[in-house]
file my_file-v7.cif (mmCIF, C-alpha atoms)
data_work
loop_
_atom_site.label_atom_id
_atom_site.label_comp_id
_atom_site.auth_asym_id
_atom_site.auth_seq_id
_atom_site.Cartn_x
_atom_site.Cartn_y
_atom_site.Cartn_z
CA MET A 224 0.00 0.00 0.00
CA LYS A 225 2.90 2.40 0.59
CA TYR A 226 3.63 2.40 -3.16
CA PHE A 227 0.06 3.44 -3.95
CA LYS A 228 0.38 6.29 -1.48
CA TYR A 229 3.68 7.37 -3.07
CA TRP A 230 2.30 7.16 -6.63
CA ALA A 231 -0.83 9.07 -5.62
CA SER A 232 1.22 11.90 -4.11
CA ARG A 233 3.10 12.62 -7.33
CA ASP A 234 2.08 14.83 -10.23
CA TYR A 235 2.98 13.41 -13.62
CA PRO A 236 3.61 15.47 -16.75
CA LEU A 237 1.17 15.03 -19.62
CA PRO A 238 3.68 13.16 -21.85
CA VAL A 239 4.11 10.50 -19.13
CA VAL A 240 0.33 10.18 -18.73
CA VAL A 241 -0.12 9.87 -22.50
CA PHE A 242 2.63 7.23 -22.75
CA ILE A 243 1.17 5.13 -19.91
CA MET A 244 -2.32 5.39 -21.41
CA LEU A 245 -1.06 4.36 -24.87
CA CYS A 246 0.62 1.28 -23.38
CA ALA A 247 -2.48 0.33 -21.39
CA GLY A 248 -4.68 1.17 -24.37
CA GLY A 249 -2.71 -1.20 -26.57
CA LEU A 250 -3.66 -4.04 -24.28
CA PHE A 251 -7.26 -3.16 -23.48
CA VAL A 252 -8.32 -1.49 -26.74
CA PHE A 253 -6.51 -3.66 -29.26
CA LEU A 254 -5.01 -6.89 -27.93
CA ILE A 255 -7.95 -8.18 -25.88
CA PRO A 256 -10.60 -7.40 -28.55
CA TRP A 257 -8.36 -8.93 -31.25
CA THR A 258 -8.04 -12.06 -29.10
CA LEU A 259 -11.83 -12.25 -28.80
CA ILE A 260 -12.31 -11.84 -32.57
CA VAL A 261 -9.48 -13.92 -34.07
CA PRO A 262 -7.92 -16.73 -32.00
CA LEU A 263 -10.80 -17.56 -29.62
CA PRO A 264 -13.37 -18.41 -32.33
CA ARG A 265 -10.70 -20.70 -33.81
CA LEU A 266 -10.22 -22.24 -30.37
CA ASP A 267 -13.97 -22.96 -30.23
CA VAL A 268 -13.66 -24.94 -33.46
CA ARG A 269 -10.58 -26.84 -32.23
CA LEU A 270 -12.35 -27.70 -28.97
CA GLY A 271 -15.52 -28.75 -30.78
CA LEU A 272 -17.69 -26.22 -28.94
CA PRO A 273 -21.19 -25.73 -30.36
CA SER A 274 -21.96 -22.82 -32.66
CA PHE A 275 -22.81 -19.59 -30.89
CA SER A 276 -23.58 -17.66 -34.07
CA PHE A 277 -27.13 -16.56 -34.75
CA GLY A 278 -26.41 -14.03 -37.49
CA THR A 279 -28.14 -10.69 -37.06
CA ILE A 280 -29.02 -11.37 -33.42
CA ASN A 281 -25.31 -11.61 -32.53
CA ILE A 282 -24.63 -8.37 -34.37
CA ILE A 283 -27.47 -6.45 -32.70
CA ILE A 284 -26.81 -7.67 -29.16
CA GLY A 285 -23.05 -7.31 -29.62
CA CYS A 286 -23.33 -3.73 -30.90
CA ILE A 287 -25.69 -2.70 -28.08
CA LEU A 288 -23.34 -4.10 -25.43
CA ILE A 289 -20.31 -2.52 -27.11
CA ALA A 290 -22.06 0.90 -27.20
CA ILE A 291 -23.06 0.69 -23.52
CA GLY A 292 -19.58 -0.48 -22.63
CA LEU A 293 -17.84 2.31 -24.51
CA PHE A 294 -20.09 4.92 -22.88
CA PHE A 295 -19.14 3.77 -19.38
CA ALA A 296 -15.49 2.90 -20.06
CA TRP A 297 -14.58 6.03 -22.02
CA GLY A 298 -16.62 8.24 -19.67
CA SER A 299 -14.66 6.80 -16.77
CA ILE A 300 -11.27 7.19 -18.42
CA GLY A 301 -11.99 10.76 -19.53
CA ALA A 302 -13.10 11.77 -16.05
CA GLN A 303 -10.01 10.24 -14.46
CA ILE A 304 -7.66 12.03 -16.84
CA PHE A 305 -9.36 15.43 -17.18
CA LYS A 306 -11.24 15.90 -13.90
CA ALA A 307 -9.12 14.01 -11.37
CA ARG A 308 -5.56 14.45 -12.77
CA GLY A 309 -4.87 10.73 -12.92
CA THR A 310 -5.45 7.62 -14.99
CA PRO A 311 -7.07 4.19 -14.60
CA VAL A 312 -3.55 2.76 -14.34
CA PRO A 313 -2.61 2.22 -10.66
CA LEU A 314 0.84 3.79 -11.26
CA ILE A 315 -0.83 7.16 -11.90
CA PRO A 316 -3.95 7.21 -9.70
CA THR A 317 -6.42 10.06 -9.51
CA HIS A 318 -5.83 12.97 -7.14
CA LYS A 319 -9.46 13.31 -6.19
CA LEU A 320 -12.39 10.98 -5.64
CA LEU A 321 -14.76 10.89 -8.58
CA ALA A 322 -18.45 10.63 -7.71
CA SER A 323 -20.03 12.44 -10.67
CA GLY A 324 -20.56 11.57 -14.33
CA VAL A 325 -20.57 7.81 -14.88
CA PHE A 326 -19.19 7.38 -11.34
CA ARG A 327 -22.55 8.38 -9.90
CA TYR A 328 -24.10 5.19 -11.34
CA CYS A 329 -21.53 2.73 -9.96
CA ARG A 330 -18.11 2.82 -8.29
CA ASN A 331 -16.42 0.93 -11.11
CA PRO A 332 -17.88 2.17 -14.40
CA MET A 333 -14.70 1.35 -16.29
CA ILE A 334 -14.90 -2.29 -15.25
CA PHE A 335 -18.61 -2.42 -16.06
CA GLY A 336 -18.02 -0.76 -19.42
CA THR A 337 -15.03 -2.89 -20.30
CA LEU A 338 -16.84 -6.12 -19.45
CA CYS A 339 -19.92 -5.01 -21.43
CA ALA A 340 -17.82 -4.10 -24.46
CA TYR A 341 -15.80 -7.33 -24.33
CA THR A 342 -18.98 -9.39 -23.89
CA GLY A 343 -20.46 -7.57 -26.88
CA ILE A 344 -17.37 -8.37 -28.94
CA ALA A 345 -17.50 -12.04 -27.90
CA ILE A 346 -21.22 -12.26 -28.76
CA PHE A 347 -20.58 -10.47 -32.05
CA ALA A 348 -17.83 -13.01 -32.81
CA GLY A 349 -19.98 -15.88 -31.53
CA THR A 350 -17.24 -17.33 -29.32
CA ILE A 351 -18.07 -19.45 -26.29
CA SER A 352 -14.43 -19.58 -25.20
CA GLY A 353 -14.45 -15.78 -25.40
CA ILE A 354 -17.37 -15.61 -22.97
CA ILE A 355 -15.53 -18.01 -20.64
CA CYS A 356 -12.37 -15.86 -20.83
CA ILE A 357 -14.41 -12.74 -20.03
CA LEU A 358 -15.92 -14.45 -16.97
CA ILE A 359 -12.42 -15.37 -15.74
CA PHE A 360 -11.19 -11.83 -16.47
CA ALA A 361 -14.20 -10.39 -14.57
CA ALA A 362 -13.54 -12.61 -11.56
CA LEU A 363 -9.87 -11.56 -11.46
CA LEU A 364 -10.79 -7.87 -11.74
CA ILE A 365 -13.33 -8.13 -8.94
CA VAL A 366 -10.84 -9.87 -6.65
CA TYR A 367 -8.23 -7.18 -7.38
CA VAL A 368 -10.68 -4.33 -6.76
CA LYS A 369 -11.98 -5.85 -3.52
CA LEU A 370 -8.57 -6.81 -2.09
CA VAL A 371 -6.39 -3.94 -3.32
CA GLU A 372 -8.16 -0.99 -4.92
CA GLU A 373 -10.92 -0.48 -2.34
CA ARG A 374 -8.38 -0.54 0.52
CA GLU A 375 -6.17 1.90 -1.35
CA LEU A 376 -9.07 4.28 -2.03
CA GLU A 377 -10.13 4.14 1.61
CA MET A 378 -6.56 4.92 2.65
CA ARG A 379 -6.30 7.89 0.29
CA PHE A 380 -9.80 9.40 0.58
CA GLY A 381 -10.98 8.20 4.01
CA GLN A 382 -14.55 8.96 5.04
CA GLU A 383 -15.34 10.59 1.70
CA TYR A 384 -14.74 7.24 -0.03
CA LEU A 385 -16.62 5.28 2.66
CA ASP A 386 -19.68 7.54 2.20
CA TYR A 387 -19.47 7.17 -1.59
CA LYS A 388 -19.08 3.40 -1.23
CA ALA A 389 -22.15 3.20 1.03
CA ARG A 390 -24.42 5.01 -1.43
CA THR A 391 -23.10 3.76 -4.80
CA PRO A 392 -23.33 0.22 -6.26
CA PHE A 393 -20.11 -1.74 -6.83
CA ILE A 394 -20.18 -2.58 -10.57
CA ILE A 395 -23.76 -2.90 -11.85
CA PRO A 396 -25.00 0.67 -12.41
CA ARG A 397 -28.06 1.98 -10.68
CA ILE A 398 -29.45 4.26 -13.37
CA PHE A 399 -32.26 5.75 -11.28
CA ASN A 400 -30.82 6.80 -7.94
CA GLU A 401 -31.50 9.83 -5.75
CA LYS A 402 -29.20 12.13 -7.75
CA THR A 403 -30.57 11.24 -11.18
CA LYS A 404 -34.22 11.61 -10.08
CA LYS A 405 -33.75 15.28 -9.17
#
call {"tool": "encode", "arguments": {"input": "my_file-v7.cif", "output": "structure tokens"}}
result
Amino acid sequence: MKYFKYWASRDYPLPVVVFIMLCAGGLFVFLIPWTLIVPLPRLDVRLGLPSFSFGTINIIIGCILIAIGLFFAWGSIGAQIFKARGTPVPLIPTHKLLASGVFRYCRNPMIFGTLCAYTGIAIFAGTISGIICILIFAALLIVYVKLVEERELEMRFGQEYLDYKARTPFIIPRIFNEKTKK
């Protein structure tokens, strides 16, 4: 935890932030989707998994999930960079707690968005092994957030984070909460 505290106390120049985001983006924006589209459907065939392709239905459901996912993921990333002077990458954490924008719907909109988008891509590609990989990825993310990130946020933001945590869902957004009704 001392490293998180050290990283959070530093200000990073924009070129460093851009470089870190490009590296992370290469993994999350290109490599993982490519894996879901190219090798995993081939793995389904090699493993003899049943067809998960229903034509237009896959395209429609996939595109809807991708759109929802991009809204939450990109909204989260933009807020972290431009409103909170940080990034989603733990090496350059935010300098303030975000509770507005997509963060008012759930505490982890980037995870929700990423998982929606990846699930949409897997459905679009019709890959059962892709869905299984996403479930494993989701489980690992949840364990990391619960064991590391939530403790780190509580350490950095104290009662402000605890209050936010008490009123805001973990990953599944609550679209109609007290703030959005007003």
call {"tool": "residues_around", "arguments": {"input": "my_file-v7.cif", "residues": "Val368 of chain A", "least_positions_apart": "6", "cutoff": "12 Å", "atoms": "all atoms listed in the file", "output": "list in words"}}
result
Pro313, Arg330, Asn331, Met333, Ile334, Ala361, Ala362, Arg374, Glu375, Leu376, Glu377, Phe393 and Ile394 of chain A
call {"tool": "residues_around", "arguments": {"input": "my_file-v7.cif", "residues": "segment 255-262 of chain A", "least_positions_apart": "6", "cutoff": "8 Å", "atoms": "only C-alpha atoms", "output": "list in words"}}
result
Tyr341, Ile344, Ala345, Ala348, Thr350 and Gly353 of chain A
call {"tool": "closest_residue", "arguments": {"input": "my_file-v7.cif", "among": "A:Ala389, A:Ile398, A:Leu293, A:Leu320", "to": "Thr342 of chain A", "atoms": "only C-alpha atoms"}}
result
A:Leu293
call {"tool": "closest_residue", "arguments": {"input": "my_file-v7.cif", "among": "A:Ile315, A:Ile280, A:Ala302, A:Leu288", "to": "Phe242 of chain A", "atoms": "all atoms listed in the file"}}
result
A:Ile315
call {"tool": "resolve_selection", "arguments": {"input": "my_file-v7.cif", "expression": "the PyMOL selection byres ((chain A and resi 317) around 7)", "output": "list of chain:residue names"}}
result
A:Ala231, A:Gln303, A:Ala307, A:Arg308, A:Gly309, A:Thr310, A:Ile315, A:Pro316, A:His318, A:Lys319
call {"tool": "closest_residue", "arguments": {"input": "my_file-v7.cif", "among": "A:Tyr387, A:Phe347, A:Phe360, A:Pro396", "to": "Ile282 of chain A", "atoms": "all atoms listed in the file"}}
result
A:Phe347
call {"tool": "resolve_selection", "arguments": {"input": "my_file-v7.cif", "expression": "the PyMOL selection byres ((chain A and resi 337) around 10)", "output": "list in words"}}
result
Phe251, Val252, Leu288, Ile289, Ile291, Gly292, Leu293, Phe294, Phe295, Ala296, Trp297, Pro332, Met333, Ile334, Phe335, Gly336, Leu338, Cys339, Ala340, Tyr341, Thr342, Gly343, Ile357 and Ala361 of chain A
call {"tool": "write_last_selection", "arguments": {"input": "my_file-v7.cif", "atoms": "C-alpha atoms", "output": "compact mmCIF listing (two decimals), in the frame of the given file"}}
result
# COMPACT_ATOMS: atom_id res chain seq x y z
CA PHE A 251 -7.26 -3.16 -23.48
CA VAL A 252 -8.32 -1.49 -26.74
CA LEU A 288 -23.34 -4.10 -25.43
CA ILE A 289 -20.31 -2.52 -27.11
CA ILE A 291 -23.06 0.69 -23.52
CA GLY A 292 -19.58 -0.48 -22.63
CA LEU A 293 -17.84 2.31 -24.51
CA PHE A 294 -20.09 4.92 -22.88
CA PHE A 295 -19.14 3.77 -19.38
CA ALA A 296 -15.49 2.90 -20.06
CA TRP A 297 -14.58 6.03 -22.02
CA PRO A 332 -17.88 2.17 -14.40
CA MET A 333 -14.70 1.35 -16.29
CA ILE A 334 -14.90 -2.29 -15.25
CA PHE A 335 -18.61 -2.42 -16.06
CA GLY A 336 -18.02 -0.76 -19.42
CA LEU A 338 -16.84 -6.12 -19.45
CA CYS A 339 -19.92 -5.01 -21.43
CA ALA A 340 -17.82 -4.10 -24.46
CA TYR A 341 -15.80 -7.33 -24.33
CA THR A 342 -18.98 -9.39 -23.89
CA GLY A 343 -20.46 -7.57 -26.88
CA ILE A 357 -14.41 -12.74 -20.03
CA ALA A 361 -14.20 -10.39 -14.57
call {"tool": "closest_residue", "arguments": {"input": "my_file-v7.cif", "among": "A:Ile346, A:Val371, A:Leu272, A:Leu314", "to": "Ile287 of chain A", "atoms": "only C-alpha atoms"}}
result
A:Ile346
call {"tool": "closest_residue", "arguments": {"input": "my_file-v7.cif", "among": "A:Lys306, A:Arg265, A:Arg327, A:Arg233", "to": "Arg390 of chain A", "atoms": "only C-alpha atoms"}}
result
A:Arg327
call {"tool": "closest_residue", "arguments": {"input": "my_file-v7.cif", "among": "A:Leu364, A:Gly349, A:Lys388, A:Ser276", "to": "Leu321 of chain A", "atoms": "all atoms listed in the file"}}
result
A:Lys388
call {"tool": "atom_distance", "arguments": {"input": "my_file-v7.cif", "atom1": "atom CA of Arg269 of chain A", "atom2": "atom CA of Leu363 of chain A"}}
result
25.8 Å
call {"tool": "residues_around", "arguments": {"input": "my_file-v7.cif", "residues": "Pro392 of chain A", "least_positions_apart": "5", "cutoff": "8 Å", "atoms": "all atoms listed in the file", "output": "PyMOL selection string"}}
result
chain A and resi 328-330+397
call {"tool": "atom_distance", "arguments": {"input": "my_file-v7.cif", "atom1": "atom CA of Ile351 of chain A", "atom2": "atom CA of Gly285 of chain A"}}
result
13.5 Å
call {"tool": "atom_distance", "arguments": {"input": "my_file-v7.cif", "atom1": "atom CA of Phe305 of chain A", "atom2": "atom CA of Leu385 of chain A"}}
result
23.4 Å
